[in-house]
>>> print(open('start_7.txt').read())   # compact mmCIF, N, CA and C atoms
# COMPACT_ATOMS: atom_id res chain seq x y z
N MET A 70 -5.45 -52.14 0.91
CA MET A 70 -6.26 -52.48 2.05
C MET A 70 -6.90 -51.20 2.58
N ALA A 71 -8.21 -51.11 2.52
CA ALA A 71 -8.95 -49.93 2.96
C ALA A 71 -9.46 -50.11 4.38
N VAL A 72 -9.54 -49.01 5.09
CA VAL A 72 -10.08 -49.03 6.45
C VAL A 72 -11.55 -48.68 6.39
N ARG A 73 -12.36 -49.51 6.99
CA ARG A 73 -13.80 -49.23 7.01
C ARG A 73 -14.08 -48.10 7.98
N PRO A 74 -14.91 -47.10 7.59
CA PRO A 74 -15.19 -45.97 8.48
C PRO A 74 -15.90 -46.38 9.76
N ASP A 75 -16.73 -47.43 9.72
CA ASP A 75 -17.44 -47.82 10.95
C ASP A 75 -16.48 -48.38 11.99
N LYS A 76 -15.33 -48.87 11.58
CA LYS A 76 -14.34 -49.34 12.54
C LYS A 76 -13.74 -48.18 13.33
N LEU A 77 -13.69 -47.01 12.71
CA LEU A 77 -13.12 -45.84 13.38
C LEU A 77 -14.10 -45.17 14.32
N THR A 78 -15.38 -45.23 14.02
CA THR A 78 -16.37 -44.49 14.81
C THR A 78 -17.10 -45.34 15.84
N ARG A 79 -17.09 -46.62 15.69
CA ARG A 79 -17.83 -47.49 16.59
C ARG A 79 -17.06 -47.68 17.90
N PRO A 80 -17.67 -47.33 19.05
CA PRO A 80 -16.95 -47.52 20.31
C PRO A 80 -16.82 -49.01 20.65
N ALA A 81 -15.77 -49.32 21.32
CA ALA A 81 -15.54 -50.71 21.73
C ALA A 81 -16.52 -51.10 22.83
N LEU A 82 -17.06 -52.29 22.73
CA LEU A 82 -17.98 -52.78 23.75
C LEU A 82 -17.18 -53.24 24.97
N PRO A 83 -17.75 -53.05 26.17
CA PRO A 83 -17.04 -53.52 27.36
C PRO A 83 -16.98 -55.05 27.37
N PRO A 84 -15.94 -55.62 27.99
CA PRO A 84 -15.80 -57.07 28.02
C PRO A 84 -16.90 -57.73 28.84
N LEU A 85 -17.18 -58.99 28.53
CA LEU A 85 -18.28 -59.70 29.17
C LEU A 85 -17.83 -60.72 30.21
N GLY A 86 -16.57 -60.76 30.55
CA GLY A 86 -16.06 -61.75 31.48
C GLY A 86 -16.45 -61.48 32.92
N ARG A 87 -16.08 -62.41 33.80
CA ARG A 87 -16.38 -62.28 35.23
C ARG A 87 -15.22 -61.73 36.03
N GLU A 88 -14.07 -61.56 35.40
CA GLU A 88 -12.91 -61.05 36.13
C GLU A 88 -13.17 -59.59 36.53
N PRO A 89 -12.57 -59.17 37.63
CA PRO A 89 -12.85 -57.84 38.17
C PRO A 89 -12.62 -56.68 37.20
N GLN A 90 -11.60 -56.77 36.35
CA GLN A 90 -11.35 -55.69 35.39
C GLN A 90 -12.49 -55.57 34.39
N ALA A 91 -13.01 -56.71 33.94
CA ALA A 91 -14.13 -56.70 33.00
C ALA A 91 -15.38 -56.11 33.66
N VAL A 92 -15.60 -56.47 34.92
CA VAL A 92 -16.75 -55.93 35.66
C VAL A 92 -16.62 -54.42 35.80
N ARG A 93 -15.41 -53.94 36.13
CA ARG A 93 -15.17 -52.50 36.28
C ARG A 93 -15.51 -51.76 34.98
N GLU A 94 -15.00 -52.25 33.87
CA GLU A 94 -15.25 -51.58 32.59
C GLU A 94 -16.72 -51.61 32.22
N ARG A 95 -17.38 -52.72 32.49
CA ARG A 95 -18.81 -52.83 32.18
C ARG A 95 -19.64 -51.88 33.02
N MET A 96 -19.31 -51.76 34.31
CA MET A 96 -20.06 -50.88 35.19
C MET A 96 -19.82 -49.41 34.86
N GLU A 97 -18.58 -49.08 34.47
CA GLU A 97 -18.29 -47.70 34.06
C GLU A 97 -19.07 -47.35 32.79
N ALA A 98 -19.18 -48.28 31.86
CA ALA A 98 -19.93 -48.03 30.63
C ALA A 98 -21.43 -47.86 30.93
N LEU A 99 -21.97 -48.69 31.82
CA LEU A 99 -23.39 -48.58 32.17
C LEU A 99 -23.66 -47.27 32.89
N GLU A 100 -22.78 -46.87 33.80
CA GLU A 100 -22.98 -45.60 34.52
C GLU A 100 -22.92 -44.43 33.55
N LYS A 101 -22.03 -44.49 32.59
CA LYS A 101 -21.95 -43.41 31.61
C LYS A 101 -23.23 -43.33 30.79
N LEU A 102 -23.78 -44.46 30.40
CA LEU A 102 -25.03 -44.50 29.65
C LEU A 102 -26.18 -43.93 30.48
N LEU A 103 -26.25 -44.30 31.76
CA LEU A 103 -27.36 -43.88 32.59
C LEU A 103 -27.25 -42.45 33.10
N GLU A 104 -26.04 -41.94 33.31
CA GLU A 104 -25.90 -40.64 33.95
C GLU A 104 -25.21 -39.57 33.10
N ARG A 105 -24.38 -39.96 32.14
CA ARG A 105 -23.58 -38.96 31.42
C ARG A 105 -23.56 -39.21 29.92
N MET A 106 -24.70 -39.53 29.34
CA MET A 106 -24.75 -39.90 27.93
C MET A 106 -24.49 -38.69 27.01
N VAL A 107 -25.11 -37.56 27.28
CA VAL A 107 -24.93 -36.37 26.45
C VAL A 107 -24.77 -35.15 27.35
N VAL A 108 -24.04 -34.16 26.85
CA VAL A 108 -23.85 -32.91 27.58
C VAL A 108 -24.87 -31.91 27.05
N ILE A 109 -25.53 -31.21 27.96
CA ILE A 109 -26.50 -30.19 27.57
C ILE A 109 -25.73 -29.01 26.97
N PRO A 110 -26.08 -28.61 25.74
CA PRO A 110 -25.36 -27.50 25.11
C PRO A 110 -25.44 -26.21 25.94
N GLY A 111 -24.34 -25.53 26.05
CA GLY A 111 -24.29 -24.27 26.79
C GLY A 111 -24.04 -24.44 28.28
N THR A 112 -24.03 -25.67 28.74
CA THR A 112 -23.75 -25.94 30.15
C THR A 112 -22.65 -26.98 30.24
N ASN A 113 -22.23 -27.23 31.44
CA ASN A 113 -21.23 -28.28 31.65
C ASN A 113 -21.88 -29.51 32.26
N ARG A 114 -23.21 -29.55 32.28
CA ARG A 114 -23.95 -30.65 32.89
C ARG A 114 -24.31 -31.70 31.84
N SER A 115 -24.24 -32.94 32.24
CA SER A 115 -24.60 -34.02 31.33
C SER A 115 -25.82 -34.76 31.87
N VAL A 116 -26.55 -35.35 30.96
CA VAL A 116 -27.71 -36.16 31.33
C VAL A 116 -27.56 -37.51 30.64
N GLY A 117 -28.26 -38.46 31.20
CA GLY A 117 -28.22 -39.79 30.64
C GLY A 117 -29.61 -40.38 30.52
N LEU A 118 -29.63 -41.64 30.27
CA LEU A 118 -30.88 -42.36 30.08
C LEU A 118 -31.75 -42.31 31.33
N ASP A 119 -31.16 -42.25 32.50
CA ASP A 119 -31.91 -42.22 33.75
C ASP A 119 -32.83 -41.00 33.80
N VAL A 120 -32.32 -39.83 33.47
CA VAL A 120 -33.14 -38.61 33.48
C VAL A 120 -34.17 -38.65 32.35
N LEU A 121 -33.75 -39.10 31.17
CA LEU A 121 -34.66 -39.13 30.04
C LEU A 121 -35.82 -40.09 30.26
N LEU A 122 -35.57 -41.21 30.92
CA LEU A 122 -36.64 -42.17 31.18
C LEU A 122 -37.66 -41.62 32.18
N ASP A 123 -37.26 -40.64 32.99
CA ASP A 123 -38.20 -40.07 33.96
C ASP A 123 -39.35 -39.32 33.29
N PHE A 124 -39.21 -39.00 32.02
CA PHE A 124 -40.30 -38.32 31.32
C PHE A 124 -41.38 -39.29 30.85
N ILE A 125 -41.18 -40.58 31.04
CA ILE A 125 -42.20 -41.58 30.75
C ILE A 125 -42.81 -41.97 32.10
N PRO A 126 -44.00 -41.46 32.43
CA PRO A 126 -44.57 -41.69 33.77
C PRO A 126 -44.72 -43.17 34.11
N GLY A 127 -44.29 -43.52 35.31
CA GLY A 127 -44.47 -44.87 35.84
C GLY A 127 -43.47 -45.87 35.32
N VAL A 128 -43.51 -46.12 34.03
CA VAL A 128 -42.68 -47.15 33.42
C VAL A 128 -41.21 -46.72 33.36
N GLY A 129 -40.95 -45.48 33.01
CA GLY A 129 -39.59 -44.99 32.84
C GLY A 129 -38.72 -45.13 34.08
N PRO A 130 -39.19 -44.61 35.24
CA PRO A 130 -38.38 -44.76 36.45
C PRO A 130 -38.18 -46.22 36.86
N THR A 131 -39.15 -47.06 36.57
CA THR A 131 -39.02 -48.47 36.92
C THR A 131 -37.97 -49.15 36.05
N VAL A 132 -37.93 -48.81 34.76
CA VAL A 132 -36.90 -49.34 33.87
C VAL A 132 -35.52 -48.84 34.31
N ALA A 133 -35.44 -47.55 34.64
CA ALA A 133 -34.16 -46.98 35.10
C ALA A 133 -33.71 -47.64 36.39
N ALA A 134 -34.65 -47.92 37.30
CA ALA A 134 -34.30 -48.60 38.55
C ALA A 134 -33.82 -50.02 38.28
N GLY A 135 -34.42 -50.68 37.29
CA GLY A 135 -33.97 -52.02 36.92
C GLY A 135 -32.55 -52.01 36.39
N LEU A 136 -32.23 -51.02 35.56
CA LEU A 136 -30.86 -50.91 35.06
C LEU A 136 -29.89 -50.58 36.19
N GLY A 137 -30.33 -49.73 37.12
CA GLY A 137 -29.50 -49.42 38.28
C GLY A 137 -29.31 -50.62 39.19
N ALA A 138 -30.34 -51.47 39.26
CA ALA A 138 -30.25 -52.67 40.09
C ALA A 138 -29.20 -53.64 39.54
N TYR A 139 -28.96 -53.56 38.24
CA TYR A 139 -27.92 -54.40 37.66
C TYR A 139 -26.55 -54.05 38.25
N LEU A 140 -26.32 -52.76 38.51
CA LEU A 140 -25.07 -52.35 39.17
C LEU A 140 -24.96 -53.02 40.54
N ALA A 141 -26.05 -53.02 41.30
CA ALA A 141 -26.05 -53.65 42.62
C ALA A 141 -25.83 -55.16 42.50
N TRP A 142 -26.43 -55.77 41.50
CA TRP A 142 -26.28 -57.20 41.31
C TRP A 142 -24.82 -57.55 41.02
N GLU A 143 -24.16 -56.74 40.19
CA GLU A 143 -22.74 -56.97 39.93
C GLU A 143 -21.93 -56.76 41.20
N GLY A 144 -22.31 -55.78 42.02
CA GLY A 144 -21.64 -55.58 43.30
C GLY A 144 -21.77 -56.80 44.19
N ARG A 145 -22.95 -57.41 44.18
CA ARG A 145 -23.17 -58.64 44.96
C ARG A 145 -22.27 -59.76 44.46
N ASN A 146 -22.14 -59.86 43.13
CA ASN A 146 -21.28 -60.89 42.55
C ASN A 146 -19.81 -60.67 42.88
N LEU A 147 -19.44 -59.41 43.14
CA LEU A 147 -18.05 -59.10 43.52
C LEU A 147 -17.78 -59.37 44.99
N GLY A 148 -18.83 -59.69 45.76
CA GLY A 148 -18.65 -59.99 47.17
C GLY A 148 -18.73 -58.77 48.08
N MET A 149 -19.43 -57.74 47.65
CA MET A 149 -19.59 -56.56 48.49
C MET A 149 -20.42 -56.91 49.71
N SER A 150 -20.22 -56.16 50.80
CA SER A 150 -20.91 -56.47 52.05
C SER A 150 -22.40 -56.15 51.94
N LYS A 151 -23.17 -56.73 52.85
CA LYS A 151 -24.61 -56.46 52.86
C LYS A 151 -24.89 -55.00 53.15
N TRP A 152 -24.05 -54.36 53.96
CA TRP A 152 -24.22 -52.94 54.26
C TRP A 152 -24.05 -52.10 52.98
N GLN A 153 -23.03 -52.40 52.19
CA GLN A 153 -22.82 -51.68 50.94
C GLN A 153 -23.96 -51.91 49.97
N LEU A 154 -24.42 -53.16 49.89
CA LEU A 154 -25.53 -53.48 48.99
C LEU A 154 -26.82 -52.80 49.43
N SER A 155 -27.03 -52.69 50.75
CA SER A 155 -28.24 -52.00 51.21
C SER A 155 -28.16 -50.51 50.93
N ARG A 156 -26.97 -49.92 51.02
CA ARG A 156 -26.81 -48.51 50.65
C ARG A 156 -27.09 -48.31 49.17
N MET A 157 -26.61 -49.25 48.36
CA MET A 157 -26.86 -49.16 46.92
C MET A 157 -28.36 -49.29 46.64
N ALA A 158 -29.02 -50.20 47.32
CA ALA A 158 -30.47 -50.37 47.14
C ALA A 158 -31.21 -49.11 47.58
N GLY A 159 -30.75 -48.48 48.65
CA GLY A 159 -31.35 -47.23 49.10
C GLY A 159 -31.20 -46.13 48.07
N ASN A 160 -30.03 -46.03 47.46
CA ASN A 160 -29.83 -45.03 46.40
C ASN A 160 -30.77 -45.27 45.23
N ILE A 161 -30.90 -46.52 44.85
CA ILE A 161 -31.79 -46.87 43.73
C ILE A 161 -33.24 -46.56 44.12
N GLY A 162 -33.63 -46.88 45.35
CA GLY A 162 -34.99 -46.63 45.81
C GLY A 162 -35.34 -45.15 45.84
N VAL A 163 -34.43 -44.33 46.33
CA VAL A 163 -34.67 -42.88 46.36
C VAL A 163 -34.79 -42.35 44.93
N ASP A 164 -33.91 -42.79 44.06
CA ASP A 164 -33.95 -42.38 42.66
C ASP A 164 -35.28 -42.79 42.03
N TRP A 165 -35.72 -44.00 42.28
CA TRP A 165 -36.98 -44.50 41.73
C TRP A 165 -38.16 -43.70 42.27
N ALA A 166 -38.19 -43.46 43.59
CA ALA A 166 -39.32 -42.73 44.20
C ALA A 166 -39.39 -41.30 43.67
N LEU A 167 -38.25 -40.64 43.54
CA LEU A 167 -38.25 -39.27 43.00
C LEU A 167 -38.68 -39.27 41.55
N GLY A 168 -38.29 -40.27 40.81
CA GLY A 168 -38.64 -40.35 39.40
C GLY A 168 -40.11 -40.63 39.15
N LEU A 169 -40.81 -41.16 40.14
CA LEU A 169 -42.23 -41.46 39.96
C LEU A 169 -43.10 -40.20 39.89
N ILE A 170 -42.59 -39.06 40.35
CA ILE A 170 -43.35 -37.82 40.26
C ILE A 170 -43.36 -37.42 38.78
N PRO A 171 -44.54 -37.39 38.15
CA PRO A 171 -44.58 -37.15 36.70
C PRO A 171 -43.91 -35.83 36.31
N PHE A 172 -43.03 -35.91 35.32
CA PHE A 172 -42.30 -34.81 34.70
C PHE A 172 -41.40 -34.04 35.67
N VAL A 173 -41.90 -33.67 36.84
CA VAL A 173 -41.12 -32.93 37.82
C VAL A 173 -40.03 -33.83 38.41
N GLY A 174 -40.24 -35.13 38.40
CA GLY A 174 -39.29 -36.08 38.98
C GLY A 174 -37.94 -36.11 38.28
N ALA A 175 -37.88 -35.58 37.06
CA ALA A 175 -36.60 -35.55 36.34
C ALA A 175 -35.65 -34.53 36.95
N VAL A 176 -36.20 -33.48 37.58
CA VAL A 176 -35.35 -32.43 38.15
C VAL A 176 -34.50 -32.95 39.30
N PRO A 177 -35.09 -33.59 40.34
CA PRO A 177 -34.21 -34.11 41.39
C PRO A 177 -33.28 -35.22 40.88
N ASP A 178 -33.74 -35.98 39.91
CA ASP A 178 -32.91 -37.05 39.36
C ASP A 178 -31.71 -36.48 38.63
N PHE A 179 -31.84 -35.27 38.11
CA PHE A 179 -30.74 -34.59 37.44
C PHE A 179 -29.61 -34.30 38.43
N PHE A 180 -29.95 -34.07 39.70
CA PHE A 180 -28.95 -33.73 40.72
C PHE A 180 -28.57 -34.92 41.60
N PHE A 181 -29.50 -35.85 41.84
CA PHE A 181 -29.22 -37.04 42.66
C PHE A 181 -28.89 -38.18 41.71
N ARG A 182 -27.62 -38.43 41.52
CA ARG A 182 -27.17 -39.44 40.56
C ARG A 182 -26.83 -40.73 41.31
N SER A 183 -27.85 -41.56 41.47
CA SER A 183 -27.68 -42.79 42.25
C SER A 183 -26.69 -43.75 41.61
N ASN A 184 -26.70 -43.84 40.30
CA ASN A 184 -25.80 -44.78 39.63
C ASN A 184 -24.34 -44.36 39.76
N THR A 185 -24.09 -43.05 39.78
CA THR A 185 -22.73 -42.56 39.99
C THR A 185 -22.27 -42.88 41.41
N ARG A 186 -23.17 -42.70 42.37
CA ARG A 186 -22.84 -43.04 43.76
C ARG A 186 -22.56 -44.53 43.90
N ASN A 187 -23.38 -45.35 43.27
CA ASN A 187 -23.19 -46.80 43.36
C ASN A 187 -21.91 -47.23 42.66
N LEU A 188 -21.60 -46.63 41.53
CA LEU A 188 -20.35 -46.96 40.84
C LEU A 188 -19.16 -46.59 41.71
N ARG A 189 -19.23 -45.47 42.41
CA ARG A 189 -18.14 -45.06 43.30
C ARG A 189 -17.93 -46.10 44.39
N MET A 190 -19.02 -46.66 44.94
CA MET A 190 -18.89 -47.70 45.97
C MET A 190 -18.26 -48.97 45.37
N ILE A 191 -18.66 -49.33 44.15
CA ILE A 191 -18.09 -50.51 43.51
C ILE A 191 -16.60 -50.30 43.25
N LYS A 192 -16.23 -49.11 42.79
CA LYS A 192 -14.82 -48.83 42.53
C LYS A 192 -13.99 -48.91 43.81
N ARG A 193 -14.52 -48.36 44.90
CA ARG A 193 -13.79 -48.44 46.17
C ARG A 193 -13.60 -49.89 46.58
N HIS A 194 -14.63 -50.71 46.41
CA HIS A 194 -14.53 -52.13 46.75
C HIS A 194 -13.48 -52.81 45.87
N LEU A 195 -13.53 -52.54 44.57
CA LEU A 195 -12.56 -53.16 43.66
C LEU A 195 -11.14 -52.70 43.97
N ASP A 196 -10.97 -51.40 44.27
CA ASP A 196 -9.64 -50.89 44.58
C ASP A 196 -9.06 -51.54 45.84
N LYS A 197 -9.94 -51.86 46.79
CA LYS A 197 -9.47 -52.46 48.04
C LYS A 197 -9.22 -53.96 47.89
N HIS A 198 -10.14 -54.66 47.23
CA HIS A 198 -10.07 -56.12 47.18
C HIS A 198 -9.43 -56.67 45.90
N HIS A 199 -9.35 -55.86 44.87
CA HIS A 199 -8.73 -56.28 43.61
C HIS A 199 -7.87 -55.12 43.10
N PRO A 200 -6.74 -54.86 43.76
CA PRO A 200 -5.93 -53.68 43.42
C PRO A 200 -5.38 -53.68 41.99
N SER A 201 -5.33 -54.81 41.35
CA SER A 201 -4.81 -54.84 39.98
C SER A 201 -5.74 -54.15 39.00
N THR A 202 -7.00 -53.93 39.39
CA THR A 202 -7.96 -53.27 38.51
C THR A 202 -7.98 -51.77 38.70
N LYS A 203 -7.22 -51.26 39.65
CA LYS A 203 -7.25 -49.84 39.99
C LYS A 203 -6.80 -48.99 38.81
N THR A 204 -7.55 -47.94 38.56
CA THR A 204 -7.21 -47.00 37.50
C THR A 204 -7.12 -45.60 38.07
N ILE A 205 -6.44 -44.72 37.37
CA ILE A 205 -6.34 -43.33 37.78
C ILE A 205 -7.32 -42.55 36.93
N ASP A 206 -8.28 -41.91 37.58
CA ASP A 206 -9.26 -41.09 36.87
C ASP A 206 -8.73 -39.68 36.73
N VAL A 207 -8.59 -39.23 35.50
CA VAL A 207 -8.10 -37.88 35.23
C VAL A 207 -9.11 -37.19 34.32
N ARG A 208 -9.53 -36.00 34.71
CA ARG A 208 -10.43 -35.23 33.85
C ARG A 208 -9.61 -34.57 32.75
N ALA A 209 -10.28 -34.28 31.64
CA ALA A 209 -9.58 -33.69 30.48
C ALA A 209 -8.98 -32.33 30.81
N ASP A 210 -9.61 -31.55 31.68
CA ASP A 210 -9.09 -30.22 32.00
C ASP A 210 -7.88 -30.28 32.93
N GLU A 211 -7.60 -31.45 33.52
CA GLU A 211 -6.45 -31.60 34.41
C GLU A 211 -5.18 -31.94 33.65
N VAL A 212 -5.32 -32.42 32.41
CA VAL A 212 -4.16 -32.85 31.62
C VAL A 212 -3.63 -31.65 30.87
N ARG A 213 -2.39 -31.29 31.12
CA ARG A 213 -1.75 -30.16 30.41
C ARG A 213 -0.29 -30.39 30.37
>>> encode(input="start_7.txt", output="structure tokens")
Amino acid sequence: MAVRPDKLTRPALPPLGREPQAVRERMEALEKLLERMVVIPGTNRSVGLDVLLDFIPGVGPTVAAGLGAYLAWEGRNLGMSKWQLSRMAGNIGVDWALGLIPFVGAVPDFFFRSNTRNLRMIKRHLDKHHPSTKTIDVRADEVR
């Protein structure tokens, strides 16, 4: 019985269910794609699809805002308050407006990570209202 190499290298897809744990994993995967997809060589900073899409004038920031809006939509489905959802919409709006500045808009987007902020709000909501989904976040440099 041989092991197929693609089974070893292919990352597992996040679950598609409606239960809070599945939503948490899906939102973490989307945030990683949008904000931390690759690390810039020689630095400790990572960029994601959100910054890369800003180099496509007009359309790119709008697509990135649409993907970010999916985070807010999932937050709405989890029962987050209108205040939290409006803060998430504000983060997405600021990110979108900064991204509309051709080419230069990628610089502020590199530092203002709206999707990371929104994911943090979703995690706080899940930790409070669905404690069984709570996870401990540990960075690799903290484990020794």
>>> residues_around(input="start_7.txt", residues="Leu99 (chain A)", least_positions_apart="6", cutoff="8 Å", atoms="only N, CA and C atoms", output="list of chain:residue names")
A:Arg93, A:Arg105, A:Leu136, A:Asn184
>>> closest_residue(input="start_7.txt", among="A:Ala138, A:Val92, A:Ile191, A:Val107", to="Ala158 (chain A)", atoms="only N, CA and C atoms")
A:Ala138
>>> atom_distance(input="start_7.txt", atom1="CA of Gly135 (chain A)", atom2="CA of Pro89 (chain A)")
21.9 Å
>>> select_by_dssp(input="start_7.txt", residues="region 75-202 of chain A", states="strand (DSSP E)", output="list in words")
Val107, Val108, Ser115 and Val116 of chain A
>>> residues_around(input="start_7.txt", residues="Lys192 (chain A)", least_positions_apart="5", cutoff="9 Å", atoms="only C-alpha atoms", output="PyMOL selection string")
chain A and resi 93+187+197+203
>>> decode(input="start_7.txt", residues="region 127-159 of chain A", atoms="C-alpha atoms", output="PDB file, in the first residue's frame")
ATOM      1  CA  GLY A 127     -10.554  49.730  -8.648  1.00  0.00           C
ATOM      2  CA  VAL A 128     -11.504  46.094  -9.026  1.00  0.00           C
ATOM      3  CA  GLY A 129      -8.923  44.617  -6.632  1.00  0.00           C
ATOM      4  CA  PRO A 130      -9.950  46.515  -3.479  1.00  0.00           C
ATOM      5  CA  THR A 131     -13.609  45.844  -4.250  1.00  0.00           C
ATOM      6  CA  VAL A 132     -12.985  42.091  -4.540  1.00  0.00           C
ATOM      7  CA  ALA A 133     -10.953  42.177  -1.301  1.00  0.00           C
ATOM      8  CA  ALA A 134     -13.779  44.081   0.428  1.00  0.00           C
ATOM      9  CA  GLY A 135     -16.249  41.465  -0.795  1.00  0.00           C
ATOM     10  CA  LEU A 136     -14.139  38.684   0.699  1.00  0.00           C
ATOM     11  CA  GLY A 137     -13.845  40.678   3.920  1.00  0.00           C
ATOM     12  CA  ALA A 138     -17.602  41.192   3.941  1.00  0.00           C
ATOM     13  CA  TYR A 139     -17.981  37.422   4.059  1.00  0.00           C
ATOM     14  CA  LEU A 140     -16.332  37.530   7.507  1.00  0.00           C
ATOM     15  CA  ALA A 141     -18.959  40.059   8.621  1.00  0.00           C
ATOM     16  CA  TRP A 142     -21.744  37.953   7.130  1.00  0.00           C
ATOM     17  CA  GLU A 143     -20.575  34.925   9.115  1.00  0.00           C
ATOM     18  CA  GLY A 144     -20.459  37.150  12.211  1.00  0.00           C
ATOM     19  CA  ARG A 145     -24.079  38.101  11.550  1.00  0.00           C
ATOM     20  CA  ASN A 146     -24.989  34.417  11.264  1.00  0.00           C
ATOM     21  CA  LEU A 147     -23.330  33.812  14.644  1.00  0.00           C
ATOM     22  CA  GLY A 148     -25.615  36.408  16.239  1.00  0.00           C
ATOM     23  CA  MET A 149     -23.086  39.188  16.792  1.00  0.00           C
ATOM     24  CA  SER A 150     -24.526  42.519  17.901  1.00  0.00           C
ATOM     25  CA  LYS A 151     -25.279  45.339  15.484  1.00  0.00           C
ATOM     26  CA  TRP A 152     -22.537  47.398  17.150  1.00  0.00           C
ATOM     27  CA  GLN A 153     -19.943  44.685  16.443  1.00  0.00           C
ATOM     28  CA  LEU A 154     -21.175  44.284  12.872  1.00  0.00           C
ATOM     29  CA  SER A 155     -21.003  48.042  12.290  1.00  0.00           C
ATOM     30  CA  ARG A 156     -17.410  48.083  13.594  1.00  0.00           C
ATOM     31  CA  MET A 157     -16.590  45.247  11.212  1.00  0.00           C
ATOM     32  CA  ALA A 158     -18.213  47.140   8.335  1.00  0.00           C
ATOM     33  CA  GLY A 159     -16.200  50.222   9.274  1.00  0.00           C
TER      34      GLY A 159
END
